[in-house]
>>> print(open('start-v4.pdb').read())   # PDB, C-alpha atoms, pLDDT in the B column
ATOM      1  CA  MET A   1       6.934 -25.291  -6.517  1.00 55.00           C
ATOM      2  CA  ILE A   2       6.718 -21.696  -7.760  1.00 66.00           C
ATOM      3  CA  LYS A   3       3.205 -20.849  -8.894  1.00 86.00           C
ATOM      4  CA  TRP A   4       2.617 -19.126 -12.223  1.00 90.00           C
ATOM      5  CA  TRP A   5       1.461 -15.866 -10.651  1.00 91.00           C
ATOM      6  CA  LYS A   6       4.737 -15.544  -8.755  1.00 93.00           C
ATOM      7  CA  ILE A   7       6.681 -15.847 -11.999  1.00 93.00           C
ATOM      8  CA  LEU A   8       4.310 -13.339 -13.598  1.00 95.00           C
ATOM      9  CA  SER A   9       4.883 -10.935 -10.703  1.00 95.00           C
ATOM     10  CA  ALA A  10       8.665 -11.107 -11.091  1.00 95.00           C
ATOM     11  CA  LEU A  11       8.480 -10.668 -14.863  1.00 96.00           C
ATOM     12  CA  LEU A  12       6.094  -7.712 -14.682  1.00 96.00           C
ATOM     13  CA  ILE A  13       8.181  -5.894 -12.061  1.00 95.00           C
ATOM     14  CA  LEU A  14      11.372  -6.552 -14.035  1.00 95.00           C
ATOM     15  CA  TYR A  15       9.663  -5.271 -17.193  1.00 94.00           C
ATOM     16  CA  THR A  16       8.475  -2.076 -15.504  1.00 93.00           C
ATOM     17  CA  LEU A  17      11.801  -1.449 -13.773  1.00 91.00           C
ATOM     18  CA  ILE A  18      13.694  -1.646 -17.058  1.00 91.00           C
ATOM     19  CA  TRP A  19      11.268  -0.245 -19.600  1.00 88.00           C
ATOM     20  CA  GLY A  20      10.039   2.340 -17.112  1.00 82.00           C
ATOM     21  CA  MET A  21      13.467   3.939 -17.354  1.00 85.00           C
ATOM     22  CA  LEU A  22      13.975   3.449 -21.087  1.00 85.00           C
ATOM     23  CA  GLY A  23      10.509   4.010 -22.565  1.00 79.00           C
ATOM     24  CA  PRO A  24       9.279   7.374 -23.887  1.00 75.00           C
ATOM     25  CA  VAL A  25       7.355   9.717 -21.578  1.00 72.00           C
ATOM     26  CA  PRO A  26       5.575  13.063 -22.150  1.00 71.00           C
ATOM     27  CA  GLN A  27       7.841  16.082 -21.713  1.00 70.00           C
ATOM     28  CA  LEU A  28       5.959  18.266 -19.257  1.00 63.00           C
ATOM     29  CA  ASP A  29       6.927  21.361 -17.300  1.00 59.00           C
ATOM     30  CA  ILE A  30       8.141  20.766 -13.727  1.00 57.00           C
ATOM     31  CA  LEU A  31       7.624  16.980 -13.907  1.00 63.00           C
ATOM     32  CA  ASN A  32      10.056  16.331 -16.764  1.00 64.00           C
ATOM     33  CA  GLU A  33      11.681  12.884 -16.377  1.00 71.00           C
ATOM     34  CA  THR A  34      10.383  12.478 -12.815  1.00 75.00           C
ATOM     35  CA  ILE A  35       7.053  11.395 -14.274  1.00 81.00           C
ATOM     36  CA  ARG A  36       8.665   7.949 -14.570  1.00 83.00           C
ATOM     37  CA  ASN A  37       8.155   7.643 -10.830  1.00 84.00           C
ATOM     38  CA  VAL A  38       4.469   7.029 -11.537  1.00 89.00           C
ATOM     39  CA  TYR A  39       5.515   3.486 -12.538  1.00 90.00           C
ATOM     40  CA  TYR A  40       6.876   2.822  -9.048  1.00 91.00           C
ATOM     41  CA  HIS A  41       5.341   5.183  -6.498  1.00 91.00           C
ATOM     42  CA  VAL A  42       1.698   4.679  -7.464  1.00 91.00           C
ATOM     43  CA  PRO A  43       1.743   0.866  -7.970  1.00 94.00           C
ATOM     44  CA  ILE A  44       3.462   0.414  -4.611  1.00 95.00           C
ATOM     45  CA  TRP A  45       0.648   2.371  -2.983  1.00 93.00           C
ATOM     46  CA  PHE A  46      -1.844   0.169  -4.826  1.00 95.00           C
ATOM     47  CA  ALA A  47      -0.132  -2.862  -3.276  1.00 96.00           C
ATOM     48  CA  MET A  48      -0.293  -1.252   0.168  1.00 95.00           C
ATOM     49  CA  LEU A  49      -4.001  -0.428  -0.160  1.00 95.00           C
ATOM     50  CA  PHE A  50      -4.709  -3.932  -1.457  1.00 97.00           C
ATOM     51  CA  GLN A  51      -3.016  -5.508   1.557  1.00 97.00           C
ATOM     52  CA  MET A  52      -4.810  -3.247   4.025  1.00 97.00           C
ATOM     53  CA  GLY A  53      -8.098  -4.132   2.335  1.00 96.00           C
ATOM     54  CA  TYR A  54      -7.175  -7.834   2.486  1.00 97.00           C
ATOM     55  CA  SER A  55      -6.403  -7.391   6.174  1.00 97.00           C
ATOM     56  CA  VAL A  56      -9.718  -5.751   7.022  1.00 97.00           C
ATOM     57  CA  VAL A  57     -11.678  -8.465   5.166  1.00 97.00           C
ATOM     58  CA  TYR A  58     -10.121 -11.085   7.430  1.00 97.00           C
ATOM     59  CA  ALA A  59     -10.674  -8.847  10.451  1.00 96.00           C
ATOM     60  CA  VAL A  60     -14.396  -8.945   9.675  1.00 96.00           C
ATOM     61  CA  LYS A  61     -14.183 -12.736   9.218  1.00 95.00           C
ATOM     62  CA  GLN A  62     -12.487 -13.026  12.594  1.00 94.00           C
ATOM     63  CA  LEU A  63     -15.326 -11.167  14.303  1.00 94.00           C
ATOM     64  CA  SER A  64     -17.940 -13.328  12.592  1.00 93.00           C
ATOM     65  CA  LYS A  65     -16.202 -16.721  12.975  1.00 89.00           C
ATOM     66  CA  ASN A  66     -14.001 -16.123  16.030  1.00 86.00           C
ATOM     67  CA  ASP A  67     -11.231 -18.107  14.305  1.00 88.00           C
ATOM     68  CA  LEU A  68      -7.652 -17.346  15.307  1.00 90.00           C
ATOM     69  CA  LYS A  69      -6.419 -18.358  11.851  1.00 92.00           C
ATOM     70  CA  THR A  70      -8.307 -15.455  10.284  1.00 95.00           C
ATOM     71  CA  ASP A  71      -6.724 -13.168  12.873  1.00 95.00           C
ATOM     72  CA  ILE A  72      -3.269 -14.410  11.867  1.00 95.00           C
ATOM     73  CA  ILE A  73      -3.986 -13.701   8.200  1.00 96.00           C
ATOM     74  CA  SER A  74      -5.390 -10.261   9.000  1.00 97.00           C
ATOM     75  CA  HIS A  75      -2.362  -9.403  11.121  1.00 97.00           C
ATOM     76  CA  GLN A  76       0.140 -10.590   8.508  1.00 97.00           C
ATOM     77  CA  ALA A  77      -1.635  -8.674   5.733  1.00 97.00           C
ATOM     78  CA  ALA A  78      -1.533  -5.491   7.813  1.00 97.00           C
ATOM     79  CA  GLN A  79       2.196  -6.012   8.374  1.00 97.00           C
ATOM     80  CA  THR A  80       2.710  -6.506   4.642  1.00 97.00           C
ATOM     81  CA  GLY A  81       0.721  -3.360   3.879  1.00 96.00           C
ATOM     82  CA  LEU A  82       2.751  -1.321   6.350  1.00 95.00           C
ATOM     83  CA  PHE A  83       5.933  -2.691   4.770  1.00 95.00           C
ATOM     84  CA  PHE A  84       4.853  -1.366   1.363  1.00 95.00           C
ATOM     85  CA  SER A  85       4.003   2.024   2.846  1.00 93.00           C
ATOM     86  CA  LEU A  86       7.725   2.584   3.507  1.00 91.00           C
ATOM     87  CA  PRO A  87       8.924   2.481  -0.144  1.00 91.00           C
ATOM     88  CA  GLY A  88       5.713   4.334  -1.007  1.00 90.00           C
ATOM     89  CA  LEU A  89       6.710   7.156   1.328  1.00 88.00           C
ATOM     90  CA  LEU A  90      10.318   7.069   0.124  1.00 90.00           C
ATOM     91  CA  THR A  91       9.486   7.294  -3.596  1.00 87.00           C
ATOM     92  CA  GLY A  92       6.908   9.974  -2.877  1.00 85.00           C
ATOM     93  CA  SER A  93       9.376  12.022  -0.860  1.00 84.00           C
ATOM     94  CA  MET A  94      11.972  11.797  -3.635  1.00 83.00           C
ATOM     95  CA  TRP A  95       9.374  12.867  -6.188  1.00 82.00           C
ATOM     96  CA  ALA A  96       8.328  15.801  -4.006  1.00 79.00           C
ATOM     97  CA  LYS A  97      11.935  16.977  -3.727  1.00 81.00           C
ATOM     98  CA  PHE A  98      12.369  17.220  -7.497  1.00 79.00           C
ATOM     99  CA  THR A  99       8.920  18.650  -8.322  1.00 76.00           C
ATOM    100  CA  TRP A 100       7.877  20.642  -5.253  1.00 75.00           C
ATOM    101  CA  GLY A 101      11.363  21.555  -4.013  1.00 79.00           C
ATOM    102  CA  THR A 102      11.055  19.849  -0.624  1.00 81.00           C
ATOM    103  CA  TRP A 103      11.173  16.324   0.763  1.00 81.00           C
ATOM    104  CA  TRP A 104       7.935  16.887   2.663  1.00 79.00           C
ATOM    105  CA  THR A 105       5.352  19.639   2.912  1.00 76.00           C
ATOM    106  CA  PHE A 106       2.696  19.887   5.591  1.00 76.00           C
ATOM    107  CA  GLN A 107       0.597  21.992   3.206  1.00 74.00           C
ATOM    108  CA  ASP A 108      -0.493  18.901   1.290  1.00 76.00           C
ATOM    109  CA  PRO A 109      -3.404  17.031   2.971  1.00 79.00           C
ATOM    110  CA  LYS A 110      -2.604  13.745   1.245  1.00 80.00           C
ATOM    111  CA  LEU A 111       0.935  13.652   2.632  1.00 82.00           C
ATOM    112  CA  ASN A 112      -0.396  14.463   6.079  1.00 84.00           C
ATOM    113  CA  GLY A 113      -3.116  11.855   5.677  1.00 87.00           C
ATOM    114  CA  VAL A 114      -0.580   9.193   4.742  1.00 88.00           C
ATOM    115  CA  ALA A 115       1.534  10.034   7.788  1.00 89.00           C
ATOM    116  CA  ILE A 116      -1.515   9.843  10.068  1.00 92.00           C
ATOM    117  CA  ALA A 117      -2.633   6.542   8.507  1.00 92.00           C
ATOM    118  CA  VAL A 118       0.802   5.001   9.082  1.00 93.00           C
ATOM    119  CA  LEU A 119       0.745   6.132  12.722  1.00 94.00           C
ATOM    120  CA  ILE A 120      -2.745   4.670  13.161  1.00 95.00           C
ATOM    121  CA  TYR A 121      -1.549   1.294  11.908  1.00 96.00           C
ATOM    122  CA  LEU A 122       1.567   1.466  14.066  1.00 95.00           C
ATOM    123  CA  ALA A 123      -0.784   1.928  17.021  1.00 96.00           C
ATOM    124  CA  TYR A 124      -2.605  -1.225  15.859  1.00 96.00           C
ATOM    125  CA  PHE A 125       0.581  -3.286  16.207  1.00 96.00           C
ATOM    126  CA  ILE A 126       1.406  -1.722  19.564  1.00 96.00           C
ATOM    127  CA  LEU A 127      -2.118  -2.482  20.796  1.00 95.00           C
ATOM    128  CA  ARG A 128      -1.856  -6.124  19.734  1.00 95.00           C
ATOM    129  CA  SER A 129       1.519  -6.574  21.395  1.00 93.00           C
ATOM    130  CA  SER A 130       0.129  -5.272  24.691  1.00 94.00           C
ATOM    131  CA  ILE A 131      -2.577  -7.983  24.944  1.00 93.00           C
ATOM    132  CA  ASP A 132      -1.535 -11.483  26.058  1.00 90.00           C
ATOM    133  CA  ASP A 133      -4.818 -13.345  25.719  1.00 91.00           C
ATOM    134  CA  GLU A 134      -5.135 -14.674  22.144  1.00 90.00           C
ATOM    135  CA  GLN A 135      -8.921 -14.449  21.855  1.00 92.00           C
ATOM    136  CA  LYS A 136      -9.081 -10.979  23.353  1.00 94.00           C
ATOM    137  CA  ARG A 137      -6.188  -9.794  21.176  1.00 94.00           C
ATOM    138  CA  ALA A 138      -7.888 -11.141  18.076  1.00 94.00           C
ATOM    139  CA  ARG A 139     -11.240  -9.459  18.805  1.00 95.00           C
ATOM    140  CA  ILE A 140      -9.832  -6.089  19.856  1.00 95.00           C
ATOM    141  CA  GLY A 141      -7.291  -6.171  17.034  1.00 95.00           C
ATOM    142  CA  ALA A 142     -10.027  -6.882  14.480  1.00 96.00           C
ATOM    143  CA  VAL A 143     -12.181  -3.993  15.701  1.00 96.00           C
ATOM    144  CA  TYR A 144      -9.244  -1.598  15.659  1.00 96.00           C
ATOM    145  CA  ASN A 145      -8.182  -2.878  12.230  1.00 96.00           C
ATOM    146  CA  ILE A 146     -11.572  -1.961  10.785  1.00 97.00           C
ATOM    147  CA  PHE A 147     -11.327   1.472  12.403  1.00 96.00           C
ATOM    148  CA  ALA A 148      -7.788   1.943  11.030  1.00 96.00           C
ATOM    149  CA  PHE A 149      -8.839   1.028   7.485  1.00 96.00           C
ATOM    150  CA  VAL A 150     -11.793   3.415   7.537  1.00 95.00           C
ATOM    151  CA  MET A 151      -9.627   6.247   8.848  1.00 94.00           C
ATOM    152  CA  MET A 152      -6.931   5.517   6.272  1.00 93.00           C
ATOM    153  CA  PHE A 153      -9.518   5.667   3.489  1.00 91.00           C
ATOM    154  CA  VAL A 154     -10.828   8.984   4.817  1.00 91.00           C
ATOM    155  CA  PHE A 155      -7.389  10.574   5.205  1.00 88.00           C
ATOM    156  CA  ILE A 156      -5.960   9.320   1.896  1.00 87.00           C
ATOM    157  CA  MET A 157      -8.891   9.075  -0.498  1.00 82.00           C
ATOM    158  CA  ILE A 158     -11.602  11.476   0.714  1.00 83.00           C
ATOM    159  CA  LEU A 159     -10.161  14.519   2.524  1.00 80.00           C
ATOM    160  CA  PRO A 160      -7.513  15.344  -0.154  1.00 76.00           C
ATOM    161  CA  ARG A 161     -10.313  15.565  -2.736  1.00 75.00           C
ATOM    162  CA  LEU A 162     -12.260  18.031  -0.616  1.00 74.00           C
ATOM    163  CA  THR A 163      -9.410  20.475   0.027  1.00 71.00           C
ATOM    164  CA  ASP A 164      -6.481  21.985  -1.877  1.00 65.00           C
ATOM    165  CA  SER A 165      -3.825  19.389  -2.652  1.00 59.00           C
ATOM    166  CA  LEU A 166      -0.629  19.253  -4.680  1.00 59.00           C
ATOM    167  CA  HIS A 167      -1.283  15.646  -5.677  1.00 60.00           C
ATOM    168  CA  PRO A 168      -2.757  14.960  -9.119  1.00 59.00           C
ATOM    169  CA  GLY A 169      -6.418  14.025  -8.993  1.00 49.00           C
ATOM    170  CA  ASN A 170      -6.957  15.795  -5.665  1.00 50.00           C
ATOM    171  CA  GLY A 171      -8.105  19.249  -4.627  1.00 46.00           C
ATOM    172  CA  GLY A 172      -9.169  20.198  -8.129  1.00 46.00           C
ATOM    173  CA  ASN A 173      -5.934  19.043  -9.789  1.00 46.00           C
ATOM    174  CA  PRO A 174      -6.508  16.757 -12.791  1.00 45.00           C
ATOM    175  CA  ALA A 175      -5.454  13.138 -12.446  1.00 51.00           C
ATOM    176  CA  PHE A 176      -2.488  11.821 -14.419  1.00 53.00           C
ATOM    177  CA  GLY A 177      -4.701   9.910 -16.803  1.00 53.00           C
ATOM    178  CA  LYS A 178      -6.479  13.084 -17.898  1.00 49.00           C
ATOM    179  CA  TYR A 179      -3.457  14.890 -19.275  1.00 45.00           C
ATOM    180  CA  ASP A 180      -0.226  12.919 -19.352  1.00 53.00           C
ATOM    181  CA  LEU A 181      -0.715   9.176 -18.880  1.00 64.00           C
ATOM    182  CA  ASP A 182      -0.536   8.417 -22.595  1.00 69.00           C
ATOM    183  CA  ASN A 183      -0.778   5.003 -24.267  1.00 76.00           C
ATOM    184  CA  ASN A 184       2.971   4.403 -23.965  1.00 79.00           C
ATOM    185  CA  MET A 185       2.823   4.953 -20.224  1.00 83.00           C
ATOM    186  CA  ARG A 186      -0.292   2.827 -19.804  1.00 87.00           C
ATOM    187  CA  MET A 187       1.603  -0.114 -21.325  1.00 89.00           C
ATOM    188  CA  ILE A 188       3.969   0.121 -18.360  1.00 90.00           C
ATOM    189  CA  PHE A 189       1.783   1.523 -15.586  1.00 92.00           C
ATOM    190  CA  TYR A 190      -0.942  -1.136 -15.576  1.00 93.00           C
ATOM    191  CA  PRO A 191       1.491  -4.086 -15.670  1.00 94.00           C
ATOM    192  CA  ALA A 192       3.357  -2.376 -12.810  1.00 95.00           C
ATOM    193  CA  VAL A 193       0.181  -2.253 -10.697  1.00 96.00           C
ATOM    194  CA  ILE A 194      -0.532  -5.942 -11.357  1.00 97.00           C
ATOM    195  CA  GLY A 195       3.092  -6.908 -10.716  1.00 96.00           C
ATOM    196  CA  TRP A 196       3.396  -5.114  -7.383  1.00 97.00           C
ATOM    197  CA  VAL A 197       0.025  -6.357  -6.133  1.00 97.00           C
ATOM    198  CA  LEU A 198       0.999  -9.929  -6.999  1.00 97.00           C
ATOM    199  CA  PHE A 199       4.377  -9.393  -5.329  1.00 97.00           C
ATOM    200  CA  SER A 200       2.606  -8.221  -2.166  1.00 97.00           C
ATOM    201  CA  LEU A 201       0.546 -11.440  -2.250  1.00 96.00           C
ATOM    202  CA  TRP A 202       3.781 -13.415  -2.600  1.00 96.00           C
ATOM    203  CA  ILE A 203       5.221 -11.758   0.506  1.00 97.00           C
ATOM    204  CA  LEU A 204       1.954 -12.299   2.384  1.00 97.00           C
ATOM    205  CA  ASN A 205       1.937 -15.967   1.370  1.00 95.00           C
ATOM    206  CA  VAL A 206       5.396 -16.478   2.865  1.00 95.00           C
ATOM    207  CA  LYS A 207       4.500 -14.554   6.037  1.00 96.00           C
ATOM    208  CA  LYS A 208       1.299 -16.563   6.510  1.00 95.00           C
ATOM    209  CA  ARG A 209       3.122 -19.878   6.224  1.00 94.00           C
ATOM    210  CA  LEU A 210       5.731 -18.785   8.781  1.00 94.00           C
ATOM    211  CA  ALA A 211       3.041 -17.433  11.125  1.00 94.00           C
ATOM    212  CA  PHE A 212       1.006 -20.651  10.922  1.00 92.00           C
ATOM    213  CA  LEU A 213       4.122 -22.731  11.621  1.00 91.00           C
ATOM    214  CA  THR A 214       4.895 -20.573  14.670  1.00 88.00           C
ATOM    215  CA  TYR A 215       1.301 -20.883  15.858  1.00 83.00           C
ATOM    216  CA  ALA A 216       1.343 -24.682  15.423  1.00 82.00           C
ATOM    217  CA  ASN A 217       4.619 -25.006  17.333  1.00 83.00           C
ATOM    218  CA  ASN A 218       3.250 -22.930  20.200  1.00 75.00           C
ATOM    219  CA  GLU A 219       0.195 -25.183  20.392  1.00 65.00           C
ATOM    220  CA  ILE A 220       2.292 -28.335  20.783  1.00 57.00           C
TER     221      ILE A 220
END
>>> encode(input="start-v4.pdb", output="C-alpha cells")
Amino acid sequence: MIKWWKILSALLILYTLIWGMLGPVPQLDILNETIRNVYYHVPIWFAMLFQMGYSVVYAVKQLSKNDLKTDIISHQAAQTGLFFSLPGLLTGSMWAKFTWGTWWTFQDPKLNGVAIAVLIYLAYFILRSSIDDEQKRARIGAVYNIFAFVMMFVFIMILPRLTDSLHPGNGGNPAFGKYDLDNNMRMIFYPAVIGWVLFSLWILNVKKRLAFLTYANNEI
C-alpha cells in the first residue's frame, strides 16, 4: 500500500519539474534563465543534508543502545545521502558552466568543501567494508559517521561563510531570498524542497526493508 506522503512526494516533484520550467522567473544579469536550477539543485542538496542528518542520529543511537538495527538504518541513510550528492554535484556543475564559465572552479570554498565531504563519506563506506565483525563495524562506523557529519557541516555550511565564495549567501554574497527569490519562485521552491526530502525518505524506506531482509536471512 502506497502511503499518502509517497504520493505527495511524487506530485510535488512532478509539479516542480513542470512548473519550474514554465513559470515566470526574475530576469537577472548573468543568471538569466539558469535561475530555474534553484528548484532542482538546492532541494536535492536539502535532501542530501537531511539524509546525512538522519544517518548521524541513528549513529548516536547505535552507540547508546548497541543495536545493530540502528546501525543498518544509519548506514542506509548515509548511502541515500551520498546518492543524492551525485545529482547535486551534477546540477551544480551545469549551473557553474553557464554562470561562471567553467564546470568546476577550485577558487570557490563551497565547491571544494562539497568535494571533500563526499570523499570523507566515501572513506566511511570503505572503512565499514574493511571490518568483518558486525559489532566492531557498527561502533567504529558510528563514530566515524559522527565525525563525517561534523566535517561536512564545517566544510559546506561554515567555512564558505567565512571566506570569499561565489555561492549566494556565502562569503558576503547575498542569499537568493534577499534579492531574487520572489513570491512566484517561492511557490515552486518550497514544494520542491518538501518533495525531494520526502522522495529521499521513500528511497531510504525501500533500502531499509531490503537491508533488514538481508540481515534476517544471514541470521537464519
>>> resolve_selection(input="start-v4.pdb", expression="the PyMOL selection byres ((chain A and resi 57) around 10)", output="number ranges by chain")
A: 51-56, 58-62, 70, 73-74, 142, 145-146
>>> residues_near_point(input="start-v4.pdb", point="(1.2, 10.2, 8.3)", cutoff="12 Å", atoms="only C-alpha atoms", output="list of chain:residue names")
A:Leu82, A:Ser85, A:Leu86, A:Gly88, A:Leu89, A:Trp104, A:Thr105, A:Phe106, A:Asp108, A:Pro109, A:Lys110, A:Leu111, A:Asn112, A:Gly113, A:Val114, A:Ala115, A:Ile116, A:Ala117, A:Val118, A:Leu119, A:Ile120, A:Tyr121, A:Leu122, A:Met151, A:Met152, A:Phe155, A:Ile156
>>> atom_distance(input="start-v4.pdb", atom1="atom CA of Lys207 of chain A", atom2="atom CA of Asp67 of chain A")
18.1 Å
>>> atom_distance(input="start-v4.pdb", atom1="atom CA of Ile140 of chain A", atom2="atom CA of Gly81 of chain A")
19.3 Å
>>> atom_distance(input="start-v4.pdb", atom1="atom CA of Glu134 of chain A", atom2="atom CA of Leu201 of chain A")
25.3 Å
>>> resolve_selection(input="start-v4.pdb", expression="the PyMOL selection byres ((chain A and resi 17) around 12)", output="PyMOL selection string")
chain A and resi 10-16+18-23+36-41+43+188-189+191-192+195-196
>>> residues_around(input="start-v4.pdb", residues="Lys136 of chain A", least_positions_apart="4", cutoff="12 Å", atoms="all atoms listed in the file", output="number ranges by chain")
A: 62-63, 66-68, 71, 127-132, 140-143
